[in-house]
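First up is the structure itself, then whatever we jot down about it.
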Amino acid sequence: MTCVINVNLPTQSYEIAIAPGTLDSLGEYMGKLHLGKKVLVVSNPTVFSLYGETAIASLKNTGFQVATCILGDGESYKNLDSIKKIYDLALENRLERSSTMVALGGGVIGDMTGFAAATWLRGINFVQVPTTLLAMVDSSIGGKTGVNHPQGKNLIGAFYQPQFVLIDPDVLQTLPVREFRAGMAEVIKYGIIWNAEFFAQMEASSRLDAMENVTPELMETILKLSCQAKADVVGEDEKEAGLRAILNYGHTIGHAVESLTGYTQVIHGEGVGIGMVAAGEIALSLGMWTAEEAARQNHVIAKACLPTQLPDGLDIEAIVDALQIDKKVKAGKVRFILPTKIGAVTITDQVPSDTIRQVLQKMQSGS
Ligand code: NAD
Ligand code: GLY
């Protein structure tokens, strides 16, 4: 059953279609947007070998002229060298202002394609076809695009909204289970920061650790309510002047852990899981929410088989230092998003370093 969610922004609005089994209708969906004929599909070898043919056939059948750009798979390719490859293909295929870049992949492909679309000819059309759970519920919506700098994640980027997002949940059937769990971290995040009832629905599920262990009804709810939460928040604050920062719940310590472990030992969603546990413990130490609420959060994170402790051997002072380079630092102070109850958070830069250290010590493996 197709569900359409609108992202309403002051300068541009667009639709997110959640429509099982419709990757082969990508061309029809895009045909309705009155875009130019030239399309550059950006993907990676893993996703392209599974879904490239279907997407391209659909585009060609509806009259689009299609070129492809295949980038390396993984966070280590999320850099300016990959962007240059997209630009080279855009030039070779004479992409024009009316042309479209289509991101077919997870958050890495989506963020890079969006950045290339934002900057090629000062901005061309952009369509997101997310293929990971994380990209479906988070990265494909809201217009944050960019690449990593060797010194830090997502330091180079632009706000640039897609014209359309097509979510075909059927593609999740091939998603590795570790990636499914990583996506669940962002899903659980929406329950904590925005929607207590949604959190309770996840809490009622005995397992959240694999697609086959979640009922189809709950999976539909997960996609719908997560996309709606993201659309609501971005609709109120597109450029992160205030409210949007709450989407960074779990990301402050999460990003530090991810970068210190080379973006492979701990992947993004796993870092967010660890970061949410840390934020919950900090909130508890500061008397902002109760031990019972922290335990409820951590239980749901554990149900998705996400890590709730720091990886072995990670130096606490290195984490504290890494927090300083994060984009969330403002006027030299690290900003934390902390829960005040299930379904609500607050933004603060008043977390004492000693509290951060104590919480991280508590979260060391074996402690
Ligand atoms: P990813 O893009 O690296 O994808 C994870 C892995 O799954 C890859 O190996 C990919 O090839 C594979 N894959 C993708 N779809 C598949 C499918 N259907 N079947 C089989 N394999 C598949 O990782 P991700 O978790 O999707 O995205 C992480 C990135 O997203 C990070 O770079 C993060 O910074 C970014 N992000 C951006 C935002 C935003 O608002 N722009 C939000 C959250 C995360
Ligand atoms: N994932 C954080 C944001 O979109 O703002």
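Each chain in the structure tokens gets a letter, A, B and so on, in the order shown; residues start at 1 in every chain, and ligands are counted from 1 in the order they appear.
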
Once you count only C-alpha atoms and all ligand atoms, what closest atom pair and distance in Å to one decimal does each residue of chain A within 7 Å of ligand 1 have, with rows by chain and rising residue number, as CSV?
```
residue,atom,partner,partner_atom_place_in_ligand_line,distance
A:Asn44,CA,ligand 1,11 (O),6.2
A:Thr46,CA,ligand 1,11 (O),4.8
A:Val47,CA,ligand 1,16 (C),5.4
A:Asp73,CA,ligand 1,11 (O),5.4
A:Gly74,CA,ligand 1,3 (O),4.5
A:Glu75,CA,ligand 1,3 (O),5.6
A:Lys78,CA,ligand 1,32 (O),6.9
A:Gly105,CA,ligand 1,14 (C),5.2
A:Gly106,CA,ligand 1,2 (O),3.2
A:Gly107,CA,ligand 1,27 (O),3.2
A:Val108,CA,ligand 1,2 (O),3.9
A:Ile109,CA,ligand 1,2 (O),5.7
A:Asp111,CA,ligand 1,41 (N),5.4
A:Thr131,CA,ligand 1,15 (N),4.1
A:Thr132,CA,ligand 1,15 (N),4.4
A:Leu133,CA,ligand 1,26 (O),6.9
A:Leu134,CA,ligand 1,26 (O),5.1
A:Ala135,CA,ligand 1,26 (O),4.8
A:Asp138,CA,ligand 1,42 (C),5.1
A:Ser139,CA,ligand 1,39 (C),3.5
A:Ser140,CA,ligand 1,41 (N),6.3
A:Ile141,CA,ligand 1,40 (O),6.7
A:Gly142,CA,ligand 1,40 (O),6.3
A:Gly143,CA,ligand 1,41 (N),6.5
A:Lys144,CA,ligand 1,41 (N),4.2
A:Thr145,CA,ligand 1,41 (N),5.2
A:Lys153,CA,ligand 1,34 (O),6.9
A:Asn154,CA,ligand 1,34 (O),6.3
A:Val171,CA,ligand 1,18 (N),4.6
A:Leu172,CA,ligand 1,18 (N),4.8
A:Gln173,CA,ligand 1,18 (N),6.8
A:Thr174,CA,ligand 1,19 (N),4.1
A:Leu175,CA,ligand 1,19 (N),3.7
A:Pro176,CA,ligand 1,20 (C),6.0
A:Glu179,CA,ligand 1,5 (C),5.9
A:Ala182,CA,ligand 1,25 (O),6.6
A:Gly183,CA,ligand 1,25 (O),6.5
A:His268,CA,ligand 1,28 (C),5.9
A:Gly269,CA,ligand 1,25 (O),6.5
```

Find the residues near Val345 in chain A: any atom within 8 Å, counting only C-alpha atoms, skip ones fewer than 4 places away on the same chain, and give them as a list in words.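 The contact residues come out as Ile192, Ile193, Trp194, Ile246, Ile337, Leu338, Pro339, Thr340 and Lys341 of chain A.
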
Those same residues - N, CA, C and O atoms - I'd like them written as a JSON list (two decimals), in the first residue's frame.
```json
[["chain", "number", "residue", "atom", "x", "y", "z"],
["A", 192, "ILE", "N", 12.31, 8.41, 20.91],
["A", 192, "ILE", "CA", 12.79, 9.14, 22.10],
["A", 192, "ILE", "C", 12.62, 10.64, 21.94],
["A", 192, "ILE", "O", 12.21, 11.33, 22.88],
["A", 193, "ILE", "N", 12.93, 11.18, 20.76],
["A", 193, "ILE", "CA", 12.95, 12.65, 20.65],
["A", 193, "ILE", "C", 11.59, 13.25, 20.30],
["A", 193, "ILE", "O", 11.35, 14.42, 20.53],
["A", 194, "TRP", "N", 10.65, 12.42, 19.74],
["A", 194, "TRP", "CA", 9.48, 13.04, 19.09],
["A", 194, "TRP", "C", 8.15, 12.39, 19.39],
["A", 194, "TRP", "O", 7.13, 13.06, 19.45],
["A", 246, "ILE", "N", 17.72, 18.53, 17.30],
["A", 246, "ILE", "CA", 17.29, 17.37, 18.10],
["A", 246, "ILE", "C", 17.47, 16.06, 17.33],
["A", 246, "ILE", "O", 17.57, 15.00, 17.93],
["A", 337, "ILE", "N", 22.18, 16.80, 23.01],
["A", 337, "ILE", "CA", 20.73, 16.66, 22.99],
["A", 337, "ILE", "C", 20.43, 15.65, 24.08],
["A", 337, "ILE", "O", 20.93, 14.52, 24.02],
["A", 338, "LEU", "N", 19.66, 16.05, 25.07],
["A", 338, "LEU", "CA", 19.41, 15.15, 26.20],
["A", 338, "LEU", "C", 17.92, 14.94, 26.41],
["A", 338, "LEU", "O", 17.12, 15.89, 26.29],
["A", 339, "PRO", "N", 17.53, 13.71, 26.74],
["A", 339, "PRO", "CA", 16.10, 13.44, 26.94],
["A", 339, "PRO", "C", 15.59, 13.99, 28.26],
["A", 339, "PRO", "O", 16.29, 13.94, 29.28],
["A", 340, "THR", "N", 14.35, 14.49, 28.22],
["A", 340, "THR", "CA", 13.71, 14.93, 29.46],
["A", 340, "THR", "C", 12.59, 13.94, 29.83],
["A", 340, "THR", "O", 12.12, 13.91, 30.96],
["A", 341, "LYS", "N", 12.12, 13.20, 28.86],
["A", 341, "LYS", "CA", 11.20, 12.06, 29.07],
["A", 341, "LYS", "C", 11.17, 11.31, 27.73],
["A", 341, "LYS", "O", 11.71, 11.82, 26.74]]
```

List as number ranges by chain the protein and nucleic acid residues near range 93-96 of chain A, meaning an atom at most 8 Å away when only C-alpha atoms are counted, but skip any in the same chain fewer than 5 places from it. A: 38-40, 67, 121, 124

Determine which residues of range 292-348 of chain A receive a DSSP assignment of alpha helix (DSSP H), computed from the backbone, and state them as an NGL selection string. :A and (292-303 or 316-323)

Compile the contact shell of Lys85 in chain A as a PyMOL selection string: residues with an atom at most 10 Å away, counting only C-alpha atoms, same-chain residues fewer than 4 positions apart removed. chain A and resi 69-71+80-81+89-91+116
